[in-house]
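Read through the structure below, which is laid out as structure tokens, and then see the notes.
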2 protein chains.
Amino acid sequence: MALEHAILVSLLEQPGSGYELARRFERSIGYFWTATHQQIYRVLKRMESDGLLDVREVPQERRPDKKEYSVAPPGRDALSRWLHEPIEPESIRHDLAVKIRGAAFDDPAALVREVERHHRVHSDRLAHYLAGEFRDFTGPDAPVSPDAGQELQHVVLRGGIAYERMTIAWLDDVLATLRRIAGNHPRT
Amino acid sequence: MALEHAILVSLLEQPGSGYELARRFERSIGYFWTATHQQIYRVLKRMESDGLLDVREVPQERRPDKKEYSVAPPGRDALSRWLHEPIEPESIRHDLAVKIRGAAFDDPAALVREVERHHRVHSDRLAHYLAGEFRDFTGPDAPVSPDAGQELQHVVLRGGIAYERMTIAWLDDVLATLRRIAGNHPRT
DNA sequence: CTTGCCTATGCAACCAGTTGCATAGAACCA
DNA sequence: TGGTTCTATGCAACTGGTTGCATAGGCAAG
């Protein structure tokens, strides 16, 4: 149940509302964890009633009031405990790979467009990550001597960049393979 | 719901029982999709009652009888339909990355062992994939002119290999970063 | 002045996946 | 004889996550 812990980390980096968290999960946190706003609101509520978080009603002008959450001492403890527990190394669930193997029983050429679409999405993500890296870590506005938190954020971002580069290279390989097969076994 | 489709692909490649499928999901299919036997049995039952699969009771000697499943024509159609639908590009959920960012609020040095453990697991997986690739695709027993199905299996396996290599390189980066931080901010 | 988007929160129903447990015959080892 | 492992299947309860829908004020564009 790492969503809880991802929320703790995010709120320690910067307190905020459910809505703000949802947007962070579309950005920096989203590099390695995704969540919808419904999921976030539900978990926030549970965490607050468990005493892991504090809430503060913040009236705002020109927009609805928000509830700003921050990490309470028991939340810090819970995170610390989790950090010292071993976790299972990830196992992947890659729908596209299922499709690729399935293409053997259908028309491999029909998959080319789909793979190209994924290629575009991953290229966009890579560009987005690289822009973020330049803005926060490698460009002229980057901190001269980053602290531990910034170093760790950067190494996680480098992981996202490496993942996208690897995926793009693999999708090139997939496309070449699909085209070779379609060439050898043309369908009219 | 790609488990259903992963099962269809696997049964098209080779009919088998729930137990056999579970073992395939620990091996080749497991490169890109995981599932427990409970999950598999439940889905098989549903797919059979939906008419996607045929069952055949196979009495065996020296071991319990098994139910051998194979893909029925409606199952083939369902797979084909899914192959022509676009799917969402994956988004990752990487617990370890949450931990790494969380380490900024705890002791970064304490994470070194955990990361080393993951490093070992991924190195083992890589070795396992490479052995499989040598056995089935690049070694002396490999098919001289592979058919489309074998080409596609190979490109998926290459994806698994690329993923593990990328992950191992990133974990090296993470370890170097953690050690640098621990050196700058030692705890006694 | 209406349509659509942005901020902000939430419920209800559903689906997918995990965990724990149970059964049962045969093989193998000490 | 008793413990463990392997084949083989399954139920029940739970947790995590998705989808669809609802509300509600303010803002900007056409």
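Letters A, B, ... go to the chains of the structure tokens in the order shown; residues in each chain start at 1; ligands are counted from 1 in the same order.
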
Against chain B, which residues of chain C fall within 8 Å? For each one I want the closest pair of atoms and the distance in Å (one decimal), counting only C-alpha atoms (C1' of nucleotides), rows by chain and increasing residue number, as CSV.
residue,atom,partner,partner_atom,distance
C:DA16,C1',B:Met1,CA,7.8
C:DG17,C1',B:Gln39,CA,7.1
C:DG25,C1',B:Pro64,CA,6.8
C:DA26,C1',B:Arg62,CA,6.1

(request) Report the residues of chain A whose backbone DSSP state falls under alpha helix (DSSP H), written as a VMD selection string. (result) chain A and resid 2 to 13 18 to 24 37 to 49 73 to 83 95 to 102 112 to 133 148 to 184

Could you save the residues just selected, with C-alpha atoms, as an mmCIF file, in the first residue's frame?
data_model
loop_
_atom_site.group_PDB
_atom_site.id
_atom_site.type_symbol
_atom_site.label_atom_id
_atom_site.label_comp_id
_atom_site.auth_asym_id
_atom_site.auth_seq_id
_atom_site.Cartn_x
_atom_site.Cartn_y
_atom_site.Cartn_z
ATOM 1 C CA ALA A 2 2.518 2.558 -1.121
ATOM 2 C CA LEU A 3 -0.044 5.232 -2.039
ATOM 3 C CA GLU A 4 -0.254 6.064 1.647
ATOM 4 C CA HIS A 5 3.507 6.393 1.823
ATOM 5 C CA ALA A 6 3.739 8.346 -1.419
ATOM 6 C CA ILE A 7 1.262 10.813 0.086
ATOM 7 C CA LEU A 8 3.311 11.073 3.273
ATOM 8 C CA VAL A 9 6.457 11.815 1.279
ATOM 9 C CA SER A 10 4.693 14.363 -0.876
ATOM 10 C CA LEU A 11 3.141 16.141 2.118
ATOM 11 C CA LEU A 12 6.479 16.179 3.920
ATOM 12 C CA GLU A 13 8.031 17.823 0.878
ATOM 13 C CA GLY A 18 -6.243 16.623 -2.035
ATOM 14 C CA TYR A 19 -6.632 18.536 -5.246
ATOM 15 C CA GLU A 20 -3.030 19.729 -5.160
ATOM 16 C CA LEU A 21 -1.837 16.211 -4.442
ATOM 17 C CA ALA A 22 -3.821 14.918 -7.396
ATOM 18 C CA ARG A 23 -1.954 17.375 -9.631
ATOM 19 C CA ARG A 24 1.387 16.385 -8.168
ATOM 20 C CA HIS A 37 -8.316 12.191 -7.189
ATOM 21 C CA GLN A 38 -11.022 9.858 -5.837
ATOM 22 C CA GLN A 39 -8.406 7.447 -4.582
ATOM 23 C CA ILE A 40 -6.442 10.288 -3.001
ATOM 24 C CA TYR A 41 -9.437 11.845 -1.245
ATOM 25 C CA ARG A 42 -10.461 8.503 0.194
ATOM 26 C CA VAL A 43 -6.993 7.681 1.481
ATOM 27 C CA LEU A 44 -6.499 11.192 2.896
ATOM 28 C CA LYS A 45 -9.716 10.824 4.869
ATOM 29 C CA ARG A 46 -8.640 7.476 6.268
ATOM 30 C CA MET A 47 -5.154 8.690 7.100
ATOM 31 C CA GLU A 48 -6.561 11.717 8.889
ATOM 32 C CA SER A 49 -8.943 9.614 10.977
ATOM 33 C CA PRO A 73 4.143 12.893 14.115
ATOM 34 C CA PRO A 74 2.493 9.426 13.899
ATOM 35 C CA GLY A 75 2.569 9.800 10.105
ATOM 36 C CA ARG A 76 6.296 10.467 10.188
ATOM 37 C CA ASP A 77 6.730 7.383 12.342
ATOM 38 C CA ALA A 78 4.651 5.262 9.981
ATOM 39 C CA LEU A 79 6.772 6.382 7.041
ATOM 40 C CA SER A 80 9.975 5.714 8.933
ATOM 41 C CA ARG A 81 8.807 2.223 9.873
ATOM 42 C CA TRP A 82 7.903 1.452 6.266
ATOM 43 C CA LEU A 83 11.281 2.705 5.039
ATOM 44 C CA ASP A 95 -0.318 -4.833 -21.738
ATOM 45 C CA LEU A 96 1.525 -3.923 -24.896
ATOM 46 C CA ALA A 97 3.778 -6.953 -24.551
ATOM 47 C CA VAL A 98 0.685 -9.156 -24.313
ATOM 48 C CA LYS A 99 -0.552 -7.582 -27.527
ATOM 49 C CA ILE A 100 2.775 -8.130 -29.257
ATOM 50 C CA ARG A 101 2.810 -11.823 -28.479
ATOM 51 C CA GLY A 102 -0.871 -11.983 -29.375
ATOM 52 C CA VAL A 112 2.286 -0.907 -36.084
ATOM 53 C CA ARG A 113 0.073 2.140 -35.551
ATOM 54 C CA GLU A 114 -0.561 1.221 -31.930
ATOM 55 C CA VAL A 115 3.155 0.815 -31.254
ATOM 56 C CA GLU A 116 3.873 4.113 -32.991
ATOM 57 C CA ARG A 117 1.299 5.790 -30.761
ATOM 58 C CA HIS A 118 2.986 4.432 -27.628
ATOM 59 C CA HIS A 119 6.312 5.558 -29.045
ATOM 60 C CA ARG A 120 4.977 9.101 -29.311
ATOM 61 C CA VAL A 121 3.600 9.087 -25.757
ATOM 62 C CA HIS A 122 6.918 7.899 -24.339
ATOM 63 C CA SER A 123 8.853 10.441 -26.397
ATOM 64 C CA ASP A 124 6.629 13.184 -24.998
ATOM 65 C CA ARG A 125 7.159 11.947 -21.467
ATOM 66 C CA LEU A 126 10.908 11.879 -22.009
ATOM 67 C CA ALA A 127 10.869 15.456 -23.294
ATOM 68 C CA HIS A 128 8.807 16.495 -20.290
ATOM 69 C CA TYR A 129 11.163 14.802 -17.834
ATOM 70 C CA LEU A 130 14.228 16.310 -19.515
ATOM 71 C CA ALA A 131 12.682 19.782 -19.349
ATOM 72 C CA GLY A 132 12.032 19.230 -15.640
ATOM 73 C CA GLU A 133 15.566 18.034 -15.104
ATOM 74 C CA ALA A 148 19.984 15.407 0.229
ATOM 75 C CA GLY A 149 16.324 15.819 -0.730
ATOM 76 C CA GLN A 150 17.207 17.396 -4.071
ATOM 77 C CA GLU A 151 19.849 14.761 -4.804
ATOM 78 C CA LEU A 152 17.286 12.040 -4.147
ATOM 79 C CA GLN A 153 14.612 13.728 -6.253
ATOM 80 C CA HIS A 154 17.139 13.989 -9.051
ATOM 81 C CA VAL A 155 18.177 10.346 -8.935
ATOM 82 C CA VAL A 156 14.515 9.293 -9.081
ATOM 83 C CA LEU A 157 13.987 11.572 -12.055
ATOM 84 C CA ARG A 158 17.065 10.070 -13.734
ATOM 85 C CA GLY A 159 15.336 6.718 -13.262
ATOM 86 C CA GLY A 160 12.268 7.993 -15.083
ATOM 87 C CA ILE A 161 14.443 9.324 -17.890
ATOM 88 C CA ALA A 162 16.322 6.025 -18.174
ATOM 89 C CA TYR A 163 13.016 4.150 -18.256
ATOM 90 C CA GLU A 164 11.610 6.266 -21.076
ATOM 91 C CA ARG A 165 14.842 6.066 -23.119
ATOM 92 C CA MET A 166 14.918 2.290 -22.712
ATOM 93 C CA THR A 167 11.261 1.983 -23.654
ATOM 94 C CA ILE A 168 11.653 4.151 -26.757
ATOM 95 C CA ALA A 169 14.633 2.088 -27.927
ATOM 96 C CA TRP A 170 12.668 -1.100 -27.354
ATOM 97 C CA LEU A 171 9.646 0.218 -29.259
ATOM 98 C CA ASP A 172 11.990 0.939 -32.187
ATOM 99 C CA ASP A 173 13.083 -2.685 -31.980
ATOM 100 C CA VAL A 174 9.436 -3.813 -31.875
ATOM 101 C CA LEU A 175 8.567 -1.702 -34.920
ATOM 102 C CA ALA A 176 11.498 -3.073 -36.908
ATOM 103 C CA THR A 177 10.449 -6.611 -35.960
ATOM 104 C CA LEU A 178 6.809 -6.061 -36.887
ATOM 105 C CA ARG A 179 7.789 -4.596 -40.257
ATOM 106 C CA ARG A 180 10.175 -7.443 -40.969
ATOM 107 C CA ILE A 181 7.455 -9.986 -40.225
ATOM 108 C CA ALA A 182 4.878 -8.101 -42.273
ATOM 109 C CA GLY A 183 7.387 -8.037 -45.133
ATOM 110 C CA ASN A 184 7.943 -11.786 -44.982
#

With 9 Å as the limit and counting only C-alpha atoms (C1' of nucleotides), what residues in chain D lie close to chain A? Please list them as a JSON list (two decimals) with N, CA and C atoms (P, O5', C5', C4', C3', O3' and C1' of nucleotides), in the first residue's frame.
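And here is the file that came out, part-v4.json:
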[["chain", "number", "residue", "atom", "x", "y", "z"],
["D", 15, "DT", "P", -9.05, -5.16, 4.87],
["D", 15, "DT", "O5'", -8.13, -4.71, 3.64],
["D", 15, "DT", "C5'", -7.09, -5.56, 3.17],
["D", 15, "DT", "C4'", -6.58, -5.00, 1.87],
["D", 15, "DT", "C3'", -6.64, -3.48, 1.78],
["D", 15, "DT", "O3'", -5.37, -3.05, 1.30],
["D", 15, "DT", "C1'", -7.74, -4.43, -0.08],
["D", 16, "DG", "P", -4.94, -1.55, 1.13],
["D", 16, "DG", "O5'", -4.85, -1.39, -0.44],
["D", 16, "DG", "C5'", -4.29, -2.41, -1.25],
["D", 16, "DG", "C4'", -4.56, -2.04, -2.68],
["D", 16, "DG", "C3'", -4.49, -0.55, -2.96],
["D", 16, "DG", "O3'", -3.70, -0.41, -4.13],
["D", 16, "DG", "C1'", -6.59, -1.41, -3.65],
["D", 17, "DG", "P", -3.43, 1.00, -4.80],
["D", 17, "DG", "O5'", -4.57, 1.06, -5.90],
["D", 17, "DG", "C5'", -4.62, 0.05, -6.91],
["D", 17, "DG", "C4'", -5.75, 0.36, -7.86],
["D", 17, "DG", "C3'", -5.86, 1.83, -8.27],
["D", 17, "DG", "O3'", -5.79, 1.89, -9.69],
["D", 17, "DG", "C1'", -7.97, 0.96, -7.58],
["D", 18, "DT", "P", -6.21, 3.25, -10.51],
["D", 18, "DT", "O5'", -7.66, 2.89, -11.07],
["D", 18, "DT", "C5'", -7.89, 1.60, -11.66],
["D", 18, "DT", "C4'", -9.28, 1.58, -12.27],
["D", 18, "DT", "C3'", -9.64, 2.82, -13.08],
["D", 18, "DT", "O3'", -10.23, 2.37, -14.30],
["D", 18, "DT", "C1'", -11.26, 2.47, -11.38],
["D", 24, "DA", "P", -25.36, 22.22, -4.96],
["D", 24, "DA", "O5'", -24.24, 23.34, -4.88],
["D", 24, "DA", "C5'", -22.97, 23.12, -4.24],
["D", 24, "DA", "C4'", -22.01, 24.15, -4.77],
["D", 24, "DA", "C3'", -22.67, 25.17, -5.72],
["D", 24, "DA", "O3'", -22.18, 26.46, -5.43],
["D", 24, "DA", "C1'", -20.80, 24.24, -6.74],
["D", 25, "DG", "P", -23.09, 27.80, -5.69],
["D", 25, "DG", "O5'", -21.98, 28.93, -5.80],
["D", 25, "DG", "C5'", -21.01, 29.07, -4.78],
["D", 25, "DG", "C4'", -19.69, 29.44, -5.41],
["D", 25, "DG", "C3'", -19.77, 30.66, -6.34],
["D", 25, "DG", "O3'", -18.81, 31.64, -5.94],
["D", 25, "DG", "C1'", -18.73, 28.82, -7.44],
["D", 26, "DG", "P", -18.74, 33.08, -6.61],
["D", 26, "DG", "O5'", -17.57, 32.90, -7.68],
["D", 26, "DG", "C5'", -16.25, 32.61, -7.24],
["D", 26, "DG", "C4'", -15.35, 32.43, -8.44],
["D", 26, "DG", "C3'", -15.41, 33.59, -9.44],
["D", 26, "DG", "O3'", -14.08, 34.01, -9.72],
["D", 26, "DG", "C1'", -15.77, 31.51, -10.54]]

(request) Extract, using only C-alpha atoms (C1' of nucleotides), all DNA, RNA and protein residues at most 12 Å from DC5 of chain C, discarding same-chain residues fewer than 6 positions from it, and format them as a list in words. (result) DG26, DC27, DA28 and DA29 of chain D

File of the preceding selection, C-alpha atoms (C1' of nucleotides), as a short mmCIF file (atom, residue, chain, number, x, y, z; two decimals), in the first residue's frame:
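So the final result, stored in selection_33.cif, reads:
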data_model
loop_
_atom_site.label_atom_id
_atom_site.label_comp_id
_atom_site.auth_asym_id
_atom_site.auth_seq_id
_atom_site.Cartn_x
_atom_site.Cartn_y
_atom_site.Cartn_z
"C1'" DG D 26 -15.77 31.51 -10.54
"C1'" DC D 27 -13.55 32.54 -15.01
"C1'" DA D 28 -12.90 33.20 -19.90
"C1'" DA D 29 -14.19 32.82 -24.71
#

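Atom CA of Asp141 of chain A is found 21.8 Å from atom CA of Tyr31 of chain A.
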
(request) Have a look at atom C1' of DT23 of chain D and atom CA of Glu68 of chain A and let me know their distance in Å, one decimal. (result) 20.4 Å

(message) To one decimal place in Å, what is the distance between atom CA of Thr34 of chain B and atom CA of Gly30 of chain A?
(response) 22.4 Å

Do you know which residues are at most 12 Å from DG20 of chain C counting only C-alpha atoms (C1' of nucleotides), after dropping those on the same chain fewer than 3 positions away, and could you put them as a PDB file with N, CA and C atoms (P, O5', C5', C4', C3', O3' and C1' of nucleotides), in the first residue's frame?
ATOM      1  N   GLN B  38      -4.719 -18.510  -7.800  1.00  0.00           N
ATOM      2  CA  GLN B  38      -6.107 -18.227  -7.454  1.00  0.00           C
ATOM      3  C   GLN B  38      -6.763 -17.332  -8.494  1.00  0.00           C
TER       4      GLN B  38
ATOM      5  P    DC D  11     -14.766 -22.322  -6.136  1.00  0.00           P
ATOM      6  O5'  DC D  11     -14.812 -21.989  -4.568  1.00  0.00           O
ATOM      7  C5'  DC D  11     -15.062 -23.024  -3.630  1.00  0.00           C
ATOM      8  C4'  DC D  11     -15.000 -22.464  -2.220  1.00  0.00           C
ATOM      9  C3'  DC D  11     -15.725 -21.126  -2.048  1.00  0.00           C
ATOM     10  O3'  DC D  11     -16.431 -21.146  -0.815  1.00  0.00           O
ATOM     11  C1'  DC D  11     -13.431 -20.871  -1.485  1.00  0.00           C
ATOM     12  P    DA D  12     -17.465 -19.954  -0.485  1.00  0.00           P
ATOM     13  O5'  DA D  12     -16.568 -18.979   0.401  1.00  0.00           O
ATOM     14  C5'  DA D  12     -15.749 -19.513   1.432  1.00  0.00           C
ATOM     15  C4'  DA D  12     -15.171 -18.383   2.256  1.00  0.00           C
ATOM     16  C3'  DA D  12     -16.006 -17.106   2.253  1.00  0.00           C
ATOM     17  O3'  DA D  12     -15.972 -16.559   3.564  1.00  0.00           O
ATOM     18  C1'  DA D  12     -13.855 -16.654   1.356  1.00  0.00           C
ATOM     19  P    DA D  13     -16.811 -15.241   3.901  1.00  0.00           P
ATOM     20  O5'  DA D  13     -15.637 -14.179   4.118  1.00  0.00           O
ATOM     21  C5'  DA D  13     -14.453 -14.596   4.816  1.00  0.00           C
ATOM     22  C4'  DA D  13     -13.415 -13.503   4.725  1.00  0.00           C
ATOM     23  C3'  DA D  13     -14.002 -12.087   4.764  1.00  0.00           C
ATOM     24  O3'  DA D  13     -13.260 -11.338   5.721  1.00  0.00           O
ATOM     25  C1'  DA D  13     -12.582 -12.341   2.886  1.00  0.00           C
ATOM     26  P    DC D  14     -13.586  -9.805   6.036  1.00  0.00           P
ATOM     27  O5'  DC D  14     -12.430  -9.047   5.248  1.00  0.00           O
ATOM     28  C5'  DC D  14     -11.079  -9.490   5.400  1.00  0.00           C
ATOM     29  C4'  DC D  14     -10.235  -8.868   4.321  1.00  0.00           C
ATOM     30  C3'  DC D  14     -10.364  -7.342   4.204  1.00  0.00           C
ATOM     31  O3'  DC D  14      -9.141  -6.774   4.638  1.00  0.00           O
ATOM     32  C1'  DC D  14     -10.285  -8.421   2.075  1.00  0.00           C
TER      33       DC D  14
END

All strand (DSSP E or B) residues (DSSP, backbone) inside chain A, as a short mmCIF file (atom, residue, chain, number, x, y, z; two decimals) with C-alpha atoms, in the first residue's frame:
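Resulting contents of out.cif:
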data_model
loop_
_atom_site.label_atom_id
_atom_site.label_comp_id
_atom_site.auth_asym_id
_atom_site.auth_seq_id
_atom_site.Cartn_x
_atom_site.Cartn_y
_atom_site.Cartn_z
CA GLY A 16 -1.29 20.64 0.42
CA LEU A 53 -2.28 13.65 9.09
CA ASP A 54 -3.42 17.04 10.37
CA VAL A 55 -6.03 19.06 8.46
CA ARG A 56 -6.52 22.78 8.31
CA GLU A 57 -9.50 24.43 6.61
CA VAL A 58 -8.13 27.18 4.39
CA LYS A 66 -9.63 23.80 0.62
CA LYS A 67 -8.44 21.43 3.30
CA GLU A 68 -4.70 21.62 3.69
CA TYR A 69 -3.17 18.40 4.94
CA SER A 70 0.17 18.07 6.68
CA VAL A 71 2.00 15.14 8.23
#

(request) Quick one: everything within 12 Å of DG30 of chain D, counting only C-alpha atoms (C1' of nucleotides), minus sequence neighbours fewer than 3 positions away in the same chain. Send it as a PyMOL selection string. (result) chain C and resi 1-4

Hey, can you spit out that residue selection with N, CA and C atoms (P, O5', C5', C4', C3', O3' and C1' of nucleotides) as a JSON list (two decimals), in the first residue's frame?
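Below you can see part_32.json, which holds the result:
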[["chain", "number", "residue", "atom", "x", "y", "z"],
["C", 1, "DC", "P", -28.42, 37.60, -21.73],
["C", 1, "DC", "O5'", -29.16, 36.27, -22.21],
["C", 1, "DC", "C5'", -28.73, 35.45, -23.30],
["C", 1, "DC", "C4'", -27.75, 34.42, -22.88],
["C", 1, "DC", "C3'", -27.78, 33.92, -21.42],
["C", 1, "DC", "O3'", -27.56, 32.50, -21.43],
["C", 1, "DC", "C1'", -25.61, 34.48, -21.99],
["C", 2, "DT", "P", -28.91, 31.60, -21.54],
["C", 2, "DT", "O5'", -28.35, 30.35, -22.36],
["C", 2, "DT", "C5'", -27.71, 30.60, -23.62],
["C", 2, "DT", "C4'", -26.34, 29.95, -23.69],
["C", 2, "DT", "C3'", -26.15, 28.70, -22.80],
["C", 2, "DT", "O3'", -25.50, 27.72, -23.60],
["C", 2, "DT", "C1'", -24.35, 30.14, -22.54],
["C", 3, "DT", "P", -25.87, 26.19, -23.50],
["C", 3, "DT", "O5'", -24.58, 25.50, -24.18],
["C", 3, "DT", "C5'", -23.78, 26.23, -25.11],
["C", 3, "DT", "C4'", -22.31, 26.11, -24.74],
["C", 3, "DT", "C3'", -21.94, 24.82, -23.97],
["C", 3, "DT", "O3'", -21.04, 24.06, -24.76],
["C", 3, "DT", "C1'", -20.89, 26.74, -23.02],
["C", 4, "DG", "P", -20.56, 22.59, -24.29],
["C", 4, "DG", "O5'", -19.08, 22.85, -23.76],
["C", 4, "DG", "C5'", -18.21, 23.75, -24.46],
["C", 4, "DG", "C4'", -17.10, 24.19, -23.53],
["C", 4, "DG", "C3'", -16.49, 23.05, -22.69],
["C", 4, "DG", "O3'", -15.08, 23.08, -22.82],
["C", 4, "DG", "C1'", -17.00, 24.90, -21.32]]
